[in-house]
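All remarks here apply to the structure that follows.
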Amino acid sequence: MIFNMFITFFKIGIFTFGGGYVMVAIIVDEVVDKKKWLTNDEMMDALAIAQATPGSMAVNTSIFIGYKLKGLRGAIVCLLGTVLPAFFIILIVATFFYRVRDNLILIKIFQGVRPAVVGLILSAVYKLMKKANFGYKALLVSIATVVVVVLLKVNPIWTIIGGAGGSVIINKIRRDKEKK
Amino acid sequence: MNILLRLFTTFFKIGAFSFGGGYAMLTLLEEEVVQVNNWITSADFIDILAISEMTPGPIAINSATFIGYKVGGYVGASLATLGVVLPSFIIISIIFHSLHKFKNSPYVDWVFGGIRPVAFGLIAAAAVTIGKTALVDIKSILIAILLFYLVSFKKLNPILGVMLAGGLGIILY
């Protein structure tokens, strides 16, 4: 299992062009849809924690999934799987092909991959959403988050603090009322 | 201070204080490596970002490895990369263990109930933000729609999807 986890995250690490969010889309596909290592809800929790904590979102997601699957050893293995491909590929690029960004073929490939990233992230959103069983209130919160972050350019951390704080306050008031 | 130690502490700081994913990290990264430490020039920084985007993996790891290598060779690359992921590792470890300890507390459920829809919205927001710079012409919009359709409804493996999109890039551009 540990070896299988390493190979899976290493494979994900090699093939995710376009930054961490694409990586998350691929993790959802491999870990939830194909391997069924995590349920949809557990994946949503992993994504929630990964975005509520500092650092790279893909790295945080991998570490949390690793812990969930196999404790500390799992966390280390998933972290290494995610980081090592990027690390070695950058070393090769930095050593030999510093002019990689002038390579015409690579530029063309990248022009195709960039818009694909948008489609991949949206399909991850769609797949998670389909299984998530959100009520209309939760859906409104998601939409409000998009608006606040994209249009008002608020740092995502404030939306997370707001979501957590708001939920705690509303639930606490509701429970206190029920007690009376 | 020894430059290798400084590489490590600088990237540790970047890993510990950048909230909001790789792109939010870039502001802090630019400030630290270009302005405070003068390790690379502004033009080099833009080059490194372009390379990070064109190579696989999270942008935080790519840029840490690249800048670490430029400043301190292979050892520098290793220390910068370790520095940028170590805060994540420590913080997620603490959270994982506290969650385990307090799993019966209603507060944990409430916090997650509140964060989940936000986390979800943030991922959708990332698609919009990237879309604003990536969807520049009719060809790119068609690629995005095609990939969304194939991965969501035709069970196309996203990794194959990325390769397909790269191939389309060579043909179309």
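Chains: A, B, ... in order of the structure tokens. Residues: from 1 per chain. Ligands: from 1, in order shown.
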Non-local contacts of segment 89-98 of chain A (7 Å; only C-alpha atoms; under 2 positions in same chain excluded) as a list of chain:residue names |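 Residues meeting the cut-off are A:Pro85, A:Ala86, A:Phe87, A:Val100, B:Asn62, B:Thr65, B:Phe66.
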Tell me, as a PyMOL selection string, which residues lie within 10 Å of Gly162 of chain A, counting only C-alpha atoms; anything in the same chain fewer than 4 positions away does not count.
-> (chain A and resi 145+156-158+166-168) or (chain B and resi 114-115+118)
Neighbours of Phe112 of chain B within 10 Å (only C-alpha atoms; same-chain residues fewer than 4 positions away dropped), as an MDAnalysis selection string?
-> (chainID A and resid 44:45 48:49 163:164 167:168) or (chainID B and resid 107:108 116:119)
Output the selection as a PDB file, in the first residue's frame - N, CA and C atoms for each residue.
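Contents of out_31.pdb, as written:
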```pdb
ATOM      1  N   MET A  44     -13.283  16.288   0.398  1.00  0.00           N
ATOM      2  CA  MET A  44     -13.690  17.680   0.610  1.00  0.00           C
ATOM      3  C   MET A  44     -13.037  18.234   1.875  1.00  0.00           C
ATOM      4  N   ASP A  45     -12.953  17.410   2.920  1.00  0.00           N
ATOM      5  CA  ASP A  45     -12.292  17.850   4.152  1.00  0.00           C
ATOM      6  C   ASP A  45     -10.812  18.109   3.907  1.00  0.00           C
ATOM      7  N   ALA A  48     -10.526  21.307   2.189  1.00  0.00           N
ATOM      8  CA  ALA A  48     -10.819  22.417   3.098  1.00  0.00           C
ATOM      9  C   ALA A  48      -9.595  22.721   3.957  1.00  0.00           C
ATOM     10  N   ILE A  49      -8.979  21.678   4.515  1.00  0.00           N
ATOM     11  CA  ILE A  49      -7.795  21.874   5.370  1.00  0.00           C
ATOM     12  C   ILE A  49      -6.635  22.421   4.555  1.00  0.00           C
ATOM     13  N   GLY A 163     -16.084  31.654   6.837  1.00  0.00           N
ATOM     14  CA  GLY A 163     -16.929  30.463   6.735  1.00  0.00           C
ATOM     15  C   GLY A 163     -16.931  29.665   8.023  1.00  0.00           C
ATOM     16  N   ALA A 164     -15.740  29.456   8.584  1.00  0.00           N
ATOM     17  CA  ALA A 164     -15.629  28.682   9.825  1.00  0.00           C
ATOM     18  C   ALA A 164     -16.305  29.424  10.973  1.00  0.00           C
ATOM     19  N   SER A 167     -20.158  29.638  10.603  1.00  0.00           N
ATOM     20  CA  SER A 167     -20.801  28.352  10.856  1.00  0.00           C
ATOM     21  C   SER A 167     -20.846  28.040  12.354  1.00  0.00           C
ATOM     22  N   VAL A 168     -19.742  28.323  13.067  1.00  0.00           N
ATOM     23  CA  VAL A 168     -19.699  28.063  14.513  1.00  0.00           C
ATOM     24  C   VAL A 168     -20.734  28.930  15.231  1.00  0.00           C
TER      25      VAL A 168
ATOM     26  N   TYR B 107     -17.786  21.345  17.710  1.00  0.00           N
ATOM     27  CA  TYR B 107     -17.128  22.478  17.067  1.00  0.00           C
ATOM     28  C   TYR B 107     -16.392  22.064  15.799  1.00  0.00           C
ATOM     29  N   VAL B 108     -15.769  20.881  15.826  1.00  0.00           N
ATOM     30  CA  VAL B 108     -15.053  20.402  14.643  1.00  0.00           C
ATOM     31  C   VAL B 108     -16.019  20.257  13.466  1.00  0.00           C
ATOM     32  N   ARG B 116     -16.148  23.764   4.221  1.00  0.00           N
ATOM     33  CA  ARG B 116     -16.308  22.959   2.997  1.00  0.00           C
ATOM     34  C   ARG B 116     -16.854  23.752   1.805  1.00  0.00           C
ATOM     35  N   PRO B 117     -18.005  24.428   1.991  1.00  0.00           N
ATOM     36  CA  PRO B 117     -18.501  25.178   0.821  1.00  0.00           C
ATOM     37  C   PRO B 117     -17.564  26.302   0.386  1.00  0.00           C
ATOM     38  N   VAL B 118     -16.801  26.876   1.353  1.00  0.00           N
ATOM     39  CA  VAL B 118     -15.852  27.929   0.993  1.00  0.00           C
ATOM     40  C   VAL B 118     -14.698  27.335   0.174  1.00  0.00           C
ATOM     41  N   ALA B 119     -14.177  26.187   0.639  1.00  0.00           N
ATOM     42  CA  ALA B 119     -13.062  25.527  -0.048  1.00  0.00           C
ATOM     43  C   ALA B 119     -13.466  25.207  -1.489  1.00  0.00           C
TER      44      ALA B 119
END
```
Looking at only C-alpha atoms, which of A:Val146, A:Leu80, A:Asn4, A:Ala75 is the one that sits closest to chain B?
-> A:Val146
Using only C-alpha atoms: which of A:Ile2, A:Ile161, A:Ile107, A:Ile143 has the shortest distance to Leu72 of chain A =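 Checking each candidate against Leu72 of chain A, we get A:Ile2 as the closest.
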For chain B, which residue out of A:Gly135, A:Gly13, A:Gly71, A:Gly66 is the nearest one, using only C-alpha atoms?
->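 Residue with the minimum atom-to-atom distance to chain B: A:Gly13.
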DSSP-assigned helix (DSSP H, G or I) among chain B, expressed as number ranges by chain = B: 3-17, 21-36, 42-54, 59-101, 106-134, 138-153, 158-172
Given the selection you just returned, output its residues as a file containing C-alpha atoms, formatted as a CSV table (one decimal), in the first residue's frame.
```
chain,number,residue,atom,x,y,z
B,3,ILE,CA,23.8,31.8,2.5
B,4,LEU,CA,22.5,28.1,2.6
B,5,LEU,CA,21.0,28.6,6.0
B,6,ARG,CA,19.5,31.9,4.8
B,7,LEU,CA,18.0,30.1,1.8
B,8,PHE,CA,16.4,27.6,4.1
B,9,THR,CA,15.0,30.1,6.6
B,10,THR,CA,13.7,32.4,3.8
B,11,PHE,CA,11.8,29.6,2.1
B,12,PHE,CA,10.6,28.3,5.4
B,13,LYS,CA,9.1,31.7,6.0
B,14,ILE,CA,7.5,31.8,2.6
B,15,GLY,CA,6.0,28.3,3.2
B,16,ALA,CA,4.7,29.3,6.6
B,17,PHE,CA,3.1,32.7,5.8
B,21,GLY,CA,-2.1,28.7,-2.6
B,22,GLY,CA,0.8,29.0,-5.0
B,23,TYR,CA,-0.3,32.2,-6.8
B,24,ALA,CA,-0.8,34.0,-3.5
B,25,MET,CA,2.7,32.9,-2.6
B,26,LEU,CA,4.3,34.7,-5.5
B,27,THR,CA,4.0,38.2,-3.9
B,28,LEU,CA,5.8,37.1,-0.8
B,29,LEU,CA,8.3,35.1,-2.9
B,30,GLU,CA,9.1,38.1,-5.1
B,31,GLU,CA,9.6,40.4,-2.1
B,32,GLU,CA,12.0,38.0,-0.4
B,33,VAL,CA,14.2,36.7,-3.2
B,34,VAL,CA,14.3,39.9,-5.4
B,35,GLN,CA,14.0,42.8,-3.0
B,36,VAL,CA,15.2,41.7,0.4
B,42,SER,CA,13.3,41.0,-11.5
B,43,ALA,CA,13.7,39.8,-15.1
B,44,ASP,CA,15.1,36.5,-13.8
B,45,PHE,CA,12.1,36.1,-11.5
B,46,ILE,CA,9.7,36.4,-14.4
B,47,ASP,CA,11.7,33.8,-16.3
B,48,ILE,CA,11.6,31.5,-13.4
B,49,LEU,CA,7.8,31.9,-13.1
B,50,ALA,CA,7.4,31.1,-16.8
B,51,ILE,CA,9.5,28.0,-16.4
B,52,SER,CA,7.6,26.9,-13.3
B,53,GLU,CA,4.4,27.1,-15.2
B,54,MET,CA,5.7,25.1,-18.1
B,59,ILE,CA,4.5,26.3,-8.6
B,60,ALA,CA,5.8,26.7,-5.1
B,61,ILE,CA,8.1,23.7,-5.4
B,62,ASN,CA,9.2,24.6,-8.9
B,63,SER,CA,10.2,28.1,-8.0
B,64,ALA,CA,11.9,27.1,-4.7
B,65,THR,CA,14.0,24.4,-6.4
B,66,PHE,CA,15.0,26.8,-9.2
B,67,ILE,CA,15.9,29.7,-7.1
B,68,GLY,CA,17.7,27.4,-4.6
B,69,TYR,CA,19.7,26.0,-7.4
B,70,LYS,CA,20.7,29.4,-8.8
B,71,VAL,CA,21.8,30.6,-5.4
B,72,GLY,CA,23.4,27.5,-3.9
B,73,GLY,CA,23.6,24.7,-6.4
B,74,TYR,CA,22.2,21.2,-5.6
B,75,VAL,CA,22.4,21.7,-1.9
B,76,GLY,CA,20.7,25.1,-2.2
B,77,ALA,CA,17.9,23.5,-4.3
B,78,SER,CA,17.4,20.8,-1.7
B,79,LEU,CA,17.4,23.3,1.3
B,80,ALA,CA,15.0,25.7,-0.4
B,81,THR,CA,12.6,23.0,-1.3
B,82,LEU,CA,12.7,21.4,2.1
B,83,GLY,CA,12.2,24.9,3.6
B,84,VAL,CA,9.1,25.6,1.6
B,85,VAL,CA,7.3,22.3,2.4
B,86,LEU,CA,8.4,21.8,6.1
B,87,PRO,CA,5.8,24.4,7.5
B,88,SER,CA,3.1,22.5,5.6
B,89,PHE,CA,4.2,19.3,7.0
B,90,ILE,CA,4.4,20.5,10.6
B,91,ILE,CA,1.0,22.4,10.4
B,92,ILE,CA,-0.9,19.5,8.8
B,93,SER,CA,0.6,17.1,11.3
B,94,ILE,CA,-0.7,19.2,14.2
B,95,ILE,CA,-4.1,19.6,12.6
B,96,PHE,CA,-4.4,15.9,11.8
B,97,HIS,CA,-3.6,14.9,15.4
B,98,SER,CA,-5.9,17.6,17.0
B,99,LEU,CA,-8.7,16.5,14.7
B,100,HIS,CA,-8.2,13.0,15.9
B,101,LYS,CA,-8.3,14.1,19.5
B,106,PRO,CA,-19.4,19.5,17.8
B,107,TYR,CA,-17.1,22.5,17.1
B,108,VAL,CA,-15.1,20.4,14.6
B,109,ASP,CA,-18.2,19.5,12.7
B,110,TRP,CA,-19.3,23.1,12.7
B,111,VAL,CA,-15.9,24.4,11.5
B,112,PHE,CA,-15.8,21.9,8.7
B,113,GLY,CA,-19.5,22.5,7.8
B,114,GLY,CA,-18.5,26.2,7.3
B,115,ILE,CA,-15.2,25.6,5.5
B,116,ARG,CA,-16.3,23.0,3.0
B,117,PRO,CA,-18.5,25.2,0.8
B,118,VAL,CA,-15.9,27.9,1.0
B,119,ALA,CA,-13.1,25.5,0.0
B,120,PHE,CA,-15.3,24.5,-2.9
B,121,GLY,CA,-15.9,28.1,-3.9
B,122,LEU,CA,-12.1,28.7,-3.8
B,123,ILE,CA,-11.4,26.0,-6.3
B,124,ALA,CA,-14.1,27.3,-8.6
B,125,ALA,CA,-12.6,30.8,-8.1
B,126,ALA,CA,-9.2,29.4,-9.2
B,127,ALA,CA,-10.7,28.2,-12.4
B,128,VAL,CA,-12.1,31.7,-13.0
B,129,THR,CA,-8.9,33.5,-12.2
B,130,ILE,CA,-6.8,31.2,-14.4
B,131,GLY,CA,-9.5,31.4,-17.1
B,132,LYS,CA,-9.1,35.2,-17.3
B,133,THR,CA,-5.5,34.8,-18.5
B,134,ALA,CA,-5.8,31.4,-20.2
B,138,ILE,CA,-11.8,30.9,-29.5
B,139,LYS,CA,-9.4,28.0,-29.8
B,140,SER,CA,-8.5,28.2,-26.1
B,141,ILE,CA,-12.2,28.4,-25.1
B,142,LEU,CA,-12.9,25.3,-27.2
B,143,ILE,CA,-10.0,23.4,-25.6
B,144,ALA,CA,-11.3,24.2,-22.1
B,145,ILE,CA,-14.9,23.1,-23.0
B,146,LEU,CA,-13.6,19.9,-24.7
B,147,LEU,CA,-11.5,18.9,-21.7
B,148,PHE,CA,-14.3,19.7,-19.3
B,149,TYR,CA,-16.7,17.5,-21.3
B,150,LEU,CA,-14.3,14.6,-21.8
B,151,VAL,CA,-13.2,14.4,-18.2
B,152,SER,CA,-16.6,15.0,-16.6
B,153,PHE,CA,-18.8,12.9,-18.9
B,158,PRO,CA,-7.2,13.9,-16.6
B,159,ILE,CA,-3.5,12.9,-17.2
B,160,LEU,CA,-4.3,11.9,-20.7
B,161,GLY,CA,-6.4,15.0,-21.0
B,162,VAL,CA,-3.3,17.1,-20.3
B,163,MET,CA,-1.4,15.2,-23.0
B,164,LEU,CA,-4.2,15.6,-25.4
B,165,ALA,CA,-4.3,19.4,-24.7
B,166,GLY,CA,-0.6,19.6,-25.3
B,167,GLY,CA,-1.0,17.9,-28.6
B,168,LEU,CA,-3.8,20.2,-29.6
B,169,GLY,CA,-1.5,23.1,-28.7
B,170,ILE,CA,1.1,21.9,-31.2
B,171,ILE,CA,-1.5,21.5,-33.9
B,172,LEU,CA,-3.5,24.6,-33.3
```
Find the distance between atom CA of Phe9 of chain A and atom CA of Lys130 of chain A and write it in Å to one decimal.
->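 Atom-to-atom, atom CA of Phe9 of chain A and atom CA of Lys130 of chain A are spaced 24.6 Å apart.
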